[in-house]
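Have a look at the structure below, then the notes.
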There are 2 protein chains.
Amino acid sequence: MPKRVDHEARCAEIAEALLRVVDRQGLEGVSLRSVAAEAGVSMGRVQHYFATKDQMMTHALIYVHRRIYRRVAACLDPRSPRALVRSAIIEMLPLDDERRSEARIAFAFLARSGVDPVFAATLREGYPYHMVFFAQQIRLAQAAGEAHPGLDPEQEAVLLFALTQGLVNPTLIGFHTEETVTQAVDLHLDRIFTAVGPEASTGG
Amino acid sequence: MPKRVDHEARCAEIAEALLRVVDRQGLEGVSLRSVAAEAGVSMGRVQHYFATKDQMMTHALIYVHRRIYRRVAACLDPRSPRALVRSAIIEMLPLDDERRSEARIAFAFLARSGVDPVFAATLREGYPYHMVFFAQQIRLAQAAGEAHPGLDPEQEAVLLFALTQGLVNPTLIGFHTEETVTQAVDLHLDRIFTAVGPEASTGG
DNA sequence: TGTTTTGCAATGCGATCGCATTGTCAAATG
DNA sequence: CATTTGACAATGCGATCGCATTGCAAAACA
């Protein structure tokens with residue numbers, strides 16, 4: 001085997017450049033040339049790692065999902081199930097430049113999933129993860145007496161995740177402020193969790 | 001003034017063709033040529049009515065919003081505030097081909113609003129309408145003793161609309177079934193409205 | 001040392017893009 | 001009847017697109 005480079009790292013560089021392009025110009029701004037220029041590499045290099053534009057886009061979609069997942073996972077507040085769920089939700093909302101950027105990117109791919117079966121499949125596979133996470137936390141809270149016992153954790157997870165996703169765009173385009181949107185989240189969490197630790201109201 | 005045609009109707013024809021293109025191929029599929037071909041007219045005609053592509057897109061955005069608004073308004077169930085709100089929500093979810101089509105279209109523009117200030121402004125202007133509609137219905141229900149009196153109608157409207165929007169994509173890509181999603185909606189409505197008429201459970 | 005294979009860079013092709021220009025035809029106006 | 005003006009159709013231009021092709025340098029292997 002001849003000259004060896006870190007294949008995965010090179011793919012990641014290209015993916016990150018692509019995401020920066022999407023952040024600024026949407027999916028329409030993505031071309032082999034624009035991504036190569038953004039990454040500061042030649043177009044040939046991009047083609048070397050991704051045979052087609054579609055492959056490049058799909059890889060970037062998976063890549064950004066992992067990136068969001070890691071960022072959310074790193075910010076989880078373990079003090080209680082409620083705090084855990086709340087920190088995850090807040091972290092998914094576009095409340096600073098980094099999260100706004102990722103919200104723009106995620107939305108671009110989300111829209112594409114409506115017309116692209118491959119993207120739709122990728123997203124469909126990602127949904128259950130969020131659902132079981134929320135459901136599990138609600139279940140834990142119920143067991144600890146910190147959530148209303150009559151609730152169906154799966155149903156509540158569906159509501160919770162939908163609520164979170166539905167708050168993203170209004171926040172992104174400036175309809176909601178951080179205060180407005182966190183109030184909305186806390187209001188809904190009050191209907192699931194009984195014990196409101198002070199950390200859940202002040203954190204965030 | 002020479003040969004006169006129905007200017008608005010011609011613009012609408014082009015807008016509808018554009019929306020069909022977006023439905024199938026997303027915003028990226030939109031070009032002067034593709035829209036003209038879809039409308040069955042010449043490219044010159046499209047240019048005659050819209051000086052630039054951006055003008056054409058903006059007009060289509062406003063056009064589809066009006067179309068959705070009219071469709072929802074035509075389906076409202078006036079039997080009670082709850083039924084009214086529920087019918088509006090259900091009508092906004094992609095549960096048949098027509099609504100799936102409009103959901104795809106709306107999502108495409110929604111994503112674009114993240115990078116296009118003009119689109120963002122258009123959407124921002126539309127949000128308050130939904131909010132006051134939901135808030136007003138909740139207020140009416142409270143006055144009639146059909147909703148929990150302690151709730152803040154504005155806050156509940158924010159939650160309700162976010163929930164609705166957040167359910168769109170999972171339903172669109174097939175993660176939710178009609179049964180799943182209507183259960184989620186009804187579950188949330190149960191927390192706002194006290195009186196559950198039989199029409200609210202069977203309708204929709 | 002020569003061969004092979006990876007990792008690119010460079011270039012070109014046909015298609016398509018937004019947009020400008022020009023020409024034509026019909027109807028209202030003088 | 002002549003002129004004007006709105007409603008197009010047709011064409012072309014420069015830029016950009018995805019993708020294929022070609023070539024070459026360097027490193028592992030024989």
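Letters for chains follow the order of the structure tokens (A, B, ...), residue numbers begin at 1 for each chain, and ligand numbers begin at 1 in the order shown.
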Under the rule of at most 7 Å, produce a per-residue listing of chain D near chain B: chain, number, name, the closest pair of atoms, and the distance in Å, as JSON lines, using only C-alpha atoms (C1' of nucleotides).
```
{"residue": "D:DT5", "atom": "C1'", "partner": "B:Pro2", "partner_atom": "CA", "distance": 5.9}
{"residue": "D:DG6", "atom": "C1'", "partner": "B:Pro2", "partner_atom": "CA", "distance": 5.5}
{"residue": "D:DA7", "atom": "C1'", "partner": "B:Lys3", "partner_atom": "CA", "distance": 6.9}
{"residue": "D:DC8", "atom": "C1'", "partner": "B:Arg45", "partner_atom": "CA", "distance": 5.8}
{"residue": "D:DA9", "atom": "C1'", "partner": "B:Gly44", "partner_atom": "CA", "distance": 6.3}
```
Give me, as a PDB file with N, CA, C and O atoms, in the first residue's frame, the residues of chain B touching chain A, with the criterion being at most 7 Å (counting only C-alpha atoms).
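The resulting result19.pdb:
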```pdb
ATOM      1  N   ARG B  24     -41.906  18.168  -6.281  1.00  0.00           N
ATOM      2  CA  ARG B  24     -41.191  17.008  -6.804  1.00  0.00           C
ATOM      3  C   ARG B  24     -39.696  17.053  -6.563  1.00  0.00           C
ATOM      4  O   ARG B  24     -39.070  16.037  -6.274  1.00  0.00           O
ATOM      5  N   GLN B  25     -39.098  18.232  -6.710  1.00  0.00           N
ATOM      6  CA  GLN B  25     -37.646  18.320  -6.732  1.00  0.00           C
ATOM      7  C   GLN B  25     -37.044  19.279  -5.720  1.00  0.00           C
ATOM      8  O   GLN B  25     -35.831  19.482  -5.719  1.00  0.00           O
ATOM      9  N   GLY B  26     -37.884  19.893  -4.900  1.00  0.00           N
ATOM     10  CA  GLY B  26     -37.359  20.857  -3.949  1.00  0.00           C
ATOM     11  C   GLY B  26     -37.025  22.179  -4.607  1.00  0.00           C
ATOM     12  O   GLY B  26     -37.173  22.342  -5.825  1.00  0.00           O
ATOM     13  N   GLU B  28     -34.294  23.392  -5.249  1.00  0.00           N
ATOM     14  CA  GLU B  28     -33.173  23.304  -6.179  1.00  0.00           C
ATOM     15  C   GLU B  28     -33.630  22.977  -7.588  1.00  0.00           C
ATOM     16  O   GLU B  28     -32.911  23.239  -8.543  1.00  0.00           O
ATOM     17  N   ARG B 104     -44.266  19.343   1.976  1.00  0.00           N
ATOM     18  CA  ARG B 104     -42.956  19.360   1.315  1.00  0.00           C
ATOM     19  C   ARG B 104     -42.598  20.765   0.855  1.00  0.00           C
ATOM     20  O   ARG B 104     -41.474  21.239   1.043  1.00  0.00           O
ATOM     21  N   PHE B 107     -41.873  23.120   3.791  1.00  0.00           N
ATOM     22  CA  PHE B 107     -40.580  22.817   4.396  1.00  0.00           C
ATOM     23  C   PHE B 107     -39.439  23.353   3.560  1.00  0.00           C
ATOM     24  O   PHE B 107     -38.432  23.836   4.081  1.00  0.00           O
ATOM     25  N   ALA B 108     -39.592  23.275   2.269  1.00  0.00           N
ATOM     26  CA  ALA B 108     -38.544  23.792   1.392  1.00  0.00           C
ATOM     27  C   ALA B 108     -38.338  25.283   1.635  1.00  0.00           C
ATOM     28  O   ALA B 108     -37.204  25.759   1.768  1.00  0.00           O
ATOM     29  N   ALA B 111     -36.816  25.993   5.146  1.00  0.00           N
ATOM     30  CA  ALA B 111     -35.363  25.823   5.198  1.00  0.00           C
ATOM     31  C   ALA B 111     -34.663  27.029   4.593  1.00  0.00           C
ATOM     32  O   ALA B 111     -33.675  27.522   5.125  1.00  0.00           O
ATOM     33  N   ARG B 112     -35.204  27.498   3.503  1.00  0.00           N
ATOM     34  CA  ARG B 112     -34.618  28.651   2.833  1.00  0.00           C
ATOM     35  C   ARG B 112     -34.657  29.896   3.727  1.00  0.00           C
ATOM     36  O   ARG B 112     -33.805  30.779   3.616  1.00  0.00           O
ATOM     37  N   GLY B 114     -33.867  30.160   6.591  1.00  0.00           N
ATOM     38  CA  GLY B 114     -32.685  30.213   7.445  1.00  0.00           C
ATOM     39  C   GLY B 114     -31.554  31.007   6.825  1.00  0.00           C
ATOM     40  O   GLY B 114     -30.718  31.554   7.546  1.00  0.00           O
ATOM     41  N   VAL B 115     -31.524  31.087   5.513  1.00  0.00           N
ATOM     42  CA  VAL B 115     -30.431  31.789   4.843  1.00  0.00           C
ATOM     43  C   VAL B 115     -30.906  32.987   4.037  1.00  0.00           C
ATOM     44  O   VAL B 115     -30.093  33.759   3.549  1.00  0.00           O
ATOM     45  N   ALA B 120     -37.410  34.828   5.623  1.00  0.00           N
ATOM     46  CA  ALA B 120     -37.546  34.834   7.076  1.00  0.00           C
ATOM     47  C   ALA B 120     -38.561  35.886   7.511  1.00  0.00           C
ATOM     48  O   ALA B 120     -39.416  35.630   8.369  1.00  0.00           O
ATOM     49  N   ARG B 124     -41.973  35.309   9.550  1.00  0.00           N
ATOM     50  CA  ARG B 124     -42.141  35.973  10.844  1.00  0.00           C
ATOM     51  C   ARG B 124     -43.471  36.713  10.912  1.00  0.00           C
ATOM     52  O   ARG B 124     -44.134  36.747  11.949  1.00  0.00           O
ATOM     53  N   GLN B 155     -49.234  31.517  25.993  1.00  0.00           N
ATOM     54  CA  GLN B 155     -48.244  30.461  26.200  1.00  0.00           C
ATOM     55  C   GLN B 155     -48.719  29.147  25.580  1.00  0.00           C
ATOM     56  O   GLN B 155     -47.956  28.434  24.926  1.00  0.00           O
ATOM     57  N   LEU B 159     -47.066  26.686  22.534  1.00  0.00           N
ATOM     58  CA  LEU B 159     -46.854  25.245  22.632  1.00  0.00           C
ATOM     59  C   LEU B 159     -47.618  24.497  21.547  1.00  0.00           C
ATOM     60  O   LEU B 159     -47.083  23.595  20.895  1.00  0.00           O
ATOM     61  N   ALA B 162     -46.091  25.035  18.072  1.00  0.00           N
ATOM     62  CA  ALA B 162     -44.809  24.347  17.971  1.00  0.00           C
ATOM     63  C   ALA B 162     -45.027  22.839  17.851  1.00  0.00           C
ATOM     64  O   ALA B 162     -44.396  22.163  17.030  1.00  0.00           O
ATOM     65  N   LEU B 163     -45.939  22.324  18.649  1.00  0.00           N
ATOM     66  CA  LEU B 163     -46.236  20.897  18.588  1.00  0.00           C
ATOM     67  C   LEU B 163     -46.699  20.500  17.191  1.00  0.00           C
ATOM     68  O   LEU B 163     -46.233  19.508  16.614  1.00  0.00           O
ATOM     69  N   GLN B 165     -46.199  22.014  14.298  1.00  0.00           N
ATOM     70  CA  GLN B 165     -45.111  22.094  13.329  1.00  0.00           C
ATOM     71  C   GLN B 165     -44.108  20.956  13.518  1.00  0.00           C
ATOM     72  O   GLN B 165     -43.582  20.418  12.553  1.00  0.00           O
ATOM     73  N   GLY B 166     -43.879  20.608  14.775  1.00  0.00           N
ATOM     74  CA  GLY B 166     -42.911  19.557  15.049  1.00  0.00           C
ATOM     75  C   GLY B 166     -43.386  18.179  14.633  1.00  0.00           C
ATOM     76  O   GLY B 166     -42.585  17.258  14.465  1.00  0.00           O
ATOM     77  N   LEU B 167     -44.684  18.031  14.462  1.00  0.00           N
ATOM     78  CA  LEU B 167     -45.222  16.734  14.044  1.00  0.00           C
ATOM     79  C   LEU B 167     -45.206  16.567  12.531  1.00  0.00           C
ATOM     80  O   LEU B 167     -45.370  15.456  12.020  1.00  0.00           O
ATOM     81  N   ILE B 173     -42.256  11.906   6.640  1.00  0.00           N
ATOM     82  CA  ILE B 173     -41.311  10.880   6.211  1.00  0.00           C
ATOM     83  C   ILE B 173     -41.712   9.493   6.689  1.00  0.00           C
ATOM     84  O   ILE B 173     -40.960   8.540   6.551  1.00  0.00           O
ATOM     85  N   PHE B 175     -42.561   8.389   9.775  1.00  0.00           N
ATOM     86  CA  PHE B 175     -42.278   7.892  11.123  1.00  0.00           C
ATOM     87  C   PHE B 175     -43.563   7.747  11.923  1.00  0.00           C
ATOM     88  O   PHE B 175     -43.726   6.800  12.683  1.00  0.00           O
ATOM     89  N   ALA B 184     -51.335  11.841  19.589  1.00  0.00           N
ATOM     90  CA  ALA B 184     -50.466  12.832  20.225  1.00  0.00           C
ATOM     91  C   ALA B 184     -51.170  14.177  20.337  1.00  0.00           C
ATOM     92  O   ALA B 184     -51.131  14.837  21.382  1.00  0.00           O
TER      93      ALA B 184
END
```
Output as JSON lines one row per residue of chain C within 10 Å of chain B: the closest atom pair and its distance in Å to one decimal place, counting only C-alpha atoms (C1' of nucleotides), sorted by chain and residue number ascending.
```
{"residue": "C:DT16", "atom": "C1'", "partner": "B:Arg33", "partner_atom": "CA", "distance": 9.5}
{"residue": "C:DC17", "atom": "C1'", "partner": "B:Ser31", "partner_atom": "CA", "distance": 7.7}
{"residue": "C:DG18", "atom": "C1'", "partner": "B:Lys53", "partner_atom": "CA", "distance": 7.6}
{"residue": "C:DC19", "atom": "C1'", "partner": "B:Thr52", "partner_atom": "CA", "distance": 8.0}
{"residue": "C:DC25", "atom": "C1'", "partner": "B:Lys3", "partner_atom": "CA", "distance": 10.0}
{"residue": "C:DA26", "atom": "C1'", "partner": "B:Lys3", "partner_atom": "CA", "distance": 6.2}
{"residue": "C:DA27", "atom": "C1'", "partner": "B:Pro2", "partner_atom": "CA", "distance": 4.3}
{"residue": "C:DA28", "atom": "C1'", "partner": "B:Pro2", "partner_atom": "CA", "distance": 4.7}
{"residue": "C:DT29", "atom": "C1'", "partner": "B:Met1", "partner_atom": "CA", "distance": 7.7}
```
Those residues you just picked out, can you put them in a file as a PDB file, in the first residue's frame with N, CA and C atoms (P, O5', C5', C4', C3', O3' and C1' of nucleotides)?
```
ATOM      1  P    DT C  16     -29.854  19.513 -19.966  1.00  0.00           P
ATOM      2  O5'  DT C  16     -29.771  20.752 -18.961  1.00  0.00           O
ATOM      3  C5'  DT C  16     -29.154  20.572 -17.682  1.00  0.00           C
ATOM      4  C4'  DT C  16     -28.849  21.916 -17.079  1.00  0.00           C
ATOM      5  C3'  DT C  16     -29.982  22.947 -17.235  1.00  0.00           C
ATOM      6  O3'  DT C  16     -30.518  23.243 -15.954  1.00  0.00           O
ATOM      7  C1'  DT C  16     -27.828  23.890 -17.636  1.00  0.00           C
ATOM      8  P    DC C  17     -31.823  24.155 -15.806  1.00  0.00           P
ATOM      9  O5'  DC C  17     -31.177  25.523 -15.293  1.00  0.00           O
ATOM     10  C5'  DC C  17     -30.312  25.463 -14.158  1.00  0.00           C
ATOM     11  C4'  DC C  17     -29.511  26.743 -14.039  1.00  0.00           C
ATOM     12  C3'  DC C  17     -30.318  28.018 -14.280  1.00  0.00           C
ATOM     13  O3'  DC C  17     -30.933  28.408 -13.068  1.00  0.00           O
ATOM     14  C1'  DC C  17     -28.165  28.112 -15.369  1.00  0.00           C
ATOM     15  P    DG C  18     -32.250  29.334 -13.124  1.00  0.00           P
ATOM     16  O5'  DG C  18     -31.651  30.799 -13.183  1.00  0.00           O
ATOM     17  C5'  DG C  18     -30.733  31.234 -12.184  1.00  0.00           C
ATOM     18  C4'  DG C  18     -30.173  32.587 -12.557  1.00  0.00           C
ATOM     19  C3'  DG C  18     -31.213  33.687 -12.758  1.00  0.00           C
ATOM     20  O3'  DG C  18     -30.713  34.911 -12.250  1.00  0.00           O
ATOM     21  C1'  DG C  18     -30.026  33.340 -14.784  1.00  0.00           C
ATOM     22  P    DC C  19     -31.709  36.178 -12.144  1.00  0.00           P
ATOM     23  O5'  DC C  19     -31.376  36.949 -13.495  1.00  0.00           O
ATOM     24  C5'  DC C  19     -30.010  37.115 -13.878  1.00  0.00           C
ATOM     25  C4'  DC C  19     -29.919  37.588 -15.320  1.00  0.00           C
ATOM     26  C3'  DC C  19     -30.940  38.651 -15.727  1.00  0.00           C
ATOM     27  O3'  DC C  19     -30.258  39.877 -15.925  1.00  0.00           O
ATOM     28  C1'  DC C  19     -30.596  37.017 -17.438  1.00  0.00           C
ATOM     29  P    DC C  25     -45.509  38.559 -36.861  1.00  0.00           P
ATOM     30  O5'  DC C  25     -46.894  38.574 -36.070  1.00  0.00           O
ATOM     31  C5'  DC C  25     -47.061  37.726 -34.928  1.00  0.00           C
ATOM     32  C4'  DC C  25     -48.054  38.341 -33.959  1.00  0.00           C
ATOM     33  C3'  DC C  25     -49.190  39.133 -34.621  1.00  0.00           C
ATOM     34  O3'  DC C  25     -50.432  38.681 -34.108  1.00  0.00           O
ATOM     35  C1'  DC C  25     -48.226  40.373 -32.876  1.00  0.00           C
ATOM     36  P    DA C  26     -51.792  38.986 -34.842  1.00  0.00           P
ATOM     37  O5'  DA C  26     -52.707  39.526 -33.673  1.00  0.00           O
ATOM     38  C5'  DA C  26     -52.606  38.939 -32.370  1.00  0.00           C
ATOM     39  C4'  DA C  26     -53.004  39.949 -31.302  1.00  0.00           C
ATOM     40  C3'  DA C  26     -54.237  40.794 -31.651  1.00  0.00           C
ATOM     41  O3'  DA C  26     -55.057  40.937 -30.503  1.00  0.00           O
ATOM     42  C1'  DA C  26     -52.423  42.217 -31.169  1.00  0.00           C
ATOM     43  P    DA C  27     -56.640  41.077 -30.699  1.00  0.00           P
ATOM     44  O5'  DA C  27     -56.929  42.413 -29.853  1.00  0.00           O
ATOM     45  C5'  DA C  27     -56.644  42.433 -28.458  1.00  0.00           C
ATOM     46  C4'  DA C  27     -56.226  43.830 -28.028  1.00  0.00           C
ATOM     47  C3'  DA C  27     -57.286  44.919 -28.253  1.00  0.00           C
ATOM     48  O3'  DA C  27     -57.410  45.687 -27.075  1.00  0.00           O
ATOM     49  C1'  DA C  27     -55.224  45.606 -29.123  1.00  0.00           C
ATOM     50  P    DA C  28     -58.887  46.101 -26.590  1.00  0.00           P
ATOM     51  O5'  DA C  28     -58.677  47.663 -26.270  1.00  0.00           O
ATOM     52  C5'  DA C  28     -57.970  48.053 -25.106  1.00  0.00           C
ATOM     53  C4'  DA C  28     -57.133  49.296 -25.396  1.00  0.00           C
ATOM     54  C3'  DA C  28     -57.933  50.576 -25.646  1.00  0.00           C
ATOM     55  O3'  DA C  28     -57.482  51.586 -24.770  1.00  0.00           O
ATOM     56  C1'  DA C  28     -56.277  50.275 -27.317  1.00  0.00           C
ATOM     57  P    DT C  29     -58.240  52.945 -24.652  1.00  0.00           P
ATOM     58  O5'  DT C  29     -57.365  53.875 -25.615  1.00  0.00           O
ATOM     59  C5'  DT C  29     -55.967  54.044 -25.356  1.00  0.00           C
ATOM     60  C4'  DT C  29     -55.367  54.997 -26.376  1.00  0.00           C
ATOM     61  C3'  DT C  29     -56.213  56.242 -26.679  1.00  0.00           C
ATOM     62  O3'  DT C  29     -55.406  57.406 -26.609  1.00  0.00           O
ATOM     63  C1'  DT C  29     -55.573  55.175 -28.685  1.00  0.00           C
TER      64       DT C  29
END
```
Do you have the atom CA of A:Ile89-atom CA of A:Leu189 distance handy? 10.5 Å
Any chance you could list, as JSON, numbers by chain, the residues in stretch 45-172 of chain B that come up alpha helix (DSSP H) when DSSP is run on the backbone? {"B": [45, 46, 47, 48, 49, 53, 54, 55, 56, 57, 58, 59, 60, 61, 62, 63, 64, 65, 66, 67, 68, 69, 70, 71, 72, 73, 74, 81, 82, 83, 84, 85, 86, 87, 88, 89, 90, 91, 92, 97, 98, 99, 100, 101, 102, 103, 104, 105, 106, 107, 108, 109, 110, 111, 112, 117, 118, 119, 120, 121, 122, 123, 124, 125, 126, 127, 128, 129, 130, 131, 132, 133, 134, 135, 136, 137, 138, 139, 140, 141, 142, 143, 153, 154, 155, 156, 157, 158, 159, 160, 161, 162, 163, 164, 165, 166, 167, 168, 169, 170, 171, 172]}
Atom pair atom CA of B:Glu178 / atom CA of B:Val72: separation (Å): 17.6 Å
Using Å and a single decimal, report how far atom CA of B:Pro94 sits from atom CA of B:Ala36.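 A separation of 27.5 Å between them.
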Find, counting only C-alpha atoms, the residue in B:Ala135, B:Gln55, B:Ala74, B:Ala60 that gets nearest to B:Arg20.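 Using only C-alpha atoms, the shortest distance to B:Arg20 belongs to B:Ala60.
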